[in-house]
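Here is the structure we will look at, set down as structure tokens.
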Amino acid sequence: MIFYYAINTFIFFLAGAALGSFANALSYRLKTGKGFMKERSECPHCHHMIEPRDLIPIFSYILLGGKCRHCSKKISLHYPLFELLMGIFIAAGAFMYLYQTITLAEFLIYSVFGFFIYIIAVTDFLYLFIPDGIHLFLIPIAFFKNIYFQEDFFMNFLMGLIVAAGFFVLFKTTGEERIGFGDVKLSFSAALFFGFEPFIFILMFSAILGIIYGVILSKFRINKLARLKIPLGAMIGVVSMIYILIYLQWGQEIARNYSYLKLFF
């Protein structure tokens, strides 16, 4: 039985890593405007088309020693790391489903939402850019979750608008150097999906993570911390994925047994 769970979880990990690889490619193409279906992936240095054998998530990077097969230029470490992150996310959700601690509906809904918010996290982290088209997927998923699980849709929608309005005010008062308009739309999508109180929890830890990221980055760059642009969308994306796994595994039990933590769950 343990072998069965291990094999199936590993298969889901590979599927998640493949989704992570897909998201890496998609984020680059969304930023550059390159066609996704017609144009093959290429080395950013020598522009040689990447062969199928070199597109295996994580393993190709290891086998190639982190270098392009043709020009021997280094491949950014973010590719395997982001693939690993998505692989762990999907594998953890699948493990919970296989052990029947969550339903198939929960696994699918949270995994799909996590995948699209992961694309936002990757794109914002690498390019300080949140593609508008992703919200066309996030918002319908959030609507569906509210309806399927019979949540207080009207209240979540209203709170989403209030949160987005607050972000919009910050966007207008601080300028794009601090908060982009993509963050405004992401705040609505995330608040609608999670609900107001969980999103405030996510936002709080996203801000902490952003501060830590900024301090670390300022140590390696000439720019001072005050001049750095923190990818808030990426921070919200990462914390959201962590929150999903925590909530699916322990959230309902904690909320049931410890009433003072209901604010967060």
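A note on labels: chains of the structure tokens are A, B, ... as shown, every chain counts residues from 1, and ligands are counted from 1 in their shown order.
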
Which residues are near stretch 47-49 of chain A? Cut-off 12 Å, only C-alpha atoms, ignore same chain within fewer than 5 positions. Put them as an mmCIF file with C-alpha atoms, in the first residue's frame.
```cif
data_model
loop_
_atom_site.group_PDB
_atom_site.id
_atom_site.type_symbol
_atom_site.label_atom_id
_atom_site.label_comp_id
_atom_site.auth_asym_id
_atom_site.auth_seq_id
_atom_site.Cartn_x
_atom_site.Cartn_y
_atom_site.Cartn_z
ATOM 1 C CA GLU A 39 7.303 28.753 -31.912
ATOM 2 C CA ARG A 40 9.505 26.188 -30.174
ATOM 3 C CA SER A 41 11.555 26.916 -27.068
ATOM 4 C CA GLU A 42 15.069 28.195 -27.681
ATOM 5 C CA ASP A 54 16.420 18.637 -23.089
ATOM 6 C CA LEU A 55 12.915 19.646 -22.047
ATOM 7 C CA CYS A 68 23.042 24.752 -22.878
ATOM 8 C CA ARG A 69 23.931 21.689 -24.962
ATOM 9 C CA HIS A 70 25.054 23.854 -27.901
ATOM 10 C CA CYS A 71 26.675 27.029 -26.558
ATOM 11 C CA SER A 72 27.541 25.832 -23.023
ATOM 12 C CA LYS A 73 26.140 29.029 -21.519
#
```

For this session: Considering only C-alpha atoms, return as a ChimeraX atom specification whatever protein or nucleic-acid residues lie within 12 Å of A:Phe115, sequence-local ones (same chain, fewer than 4 positions apart) excluded.
Result: /A:15-24,26,82-83,85-90,107-111,119-122,134,137-138,141,237-238,240-241,244

Problem set entry | Residues within 12 Å of A:Gly166, only C-alpha atoms, excluding chain neighbours under 3 positions, as a list in words |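 Returned residues: Met159, Gly160, Leu161, Ile162, Val163, Val169, Leu170, Phe171, Lys172, Thr173, Ile179, Phe181, Asp183, Val184, Lys185, Ser187 and Phe188 of chain A.
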
Problem set entry | Which of A:Pro57, A:Met235, A:Phe95, A:Gly180 sits closest to A:Tyr4 [using only C-alpha atoms] |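 The answer is A:Phe95, which sits nearest to A:Tyr4.
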
Exercise. Can you tell me how far atom CA of A:Gly210 sits from atom CA of A:Lys145, in Å to one decimal?
Worked result: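 If I compute the distance from atom CA of A:Gly210 to atom CA of A:Lys145, I get 28.1 Å.
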
Exercise. Quick one, how far is atom CA of A:Phe3 from atom CA of A:Arg53?
Worked result: 28.3 Å

For this session: From the DSSP assignment of the backbone, select every residue of stretch 39-256 of chain A that is alpha helix (DSSP H), and format the answer as a ChimeraX atom specification.
Result: /A:59-63,78-98,104-127,135-148,153-174,181-194,196-220,232-246,252-256

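Computed from the coordinates, the atom CA of A:Lys219 to atom CA of A:Gly182 distance equals 27.4 Å.
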
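For stretch 5-92 of chain A, the set of residues given strand (DSSP E or B) by DSSP on the backbone reads Glu42, Met49, Lys67 and Lys74 of chain A.
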
Residues from the last selection, C-alpha atoms, saved as a short mmCIF file (atom, residue, chain, number, x, y, z; two decimals), in the first residue's frame:
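Contents of the output file part11.cif:
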```
data_model
loop_
_atom_site.label_atom_id
_atom_site.label_comp_id
_atom_site.auth_asym_id
_atom_site.auth_seq_id
_atom_site.Cartn_x
_atom_site.Cartn_y
_atom_site.Cartn_z
CA GLU A 42 15.07 28.19 -27.68
CA MET A 49 16.02 25.31 -30.70
CA LYS A 67 24.37 24.51 -19.33
CA LYS A 74 24.66 28.64 -18.06
#
```
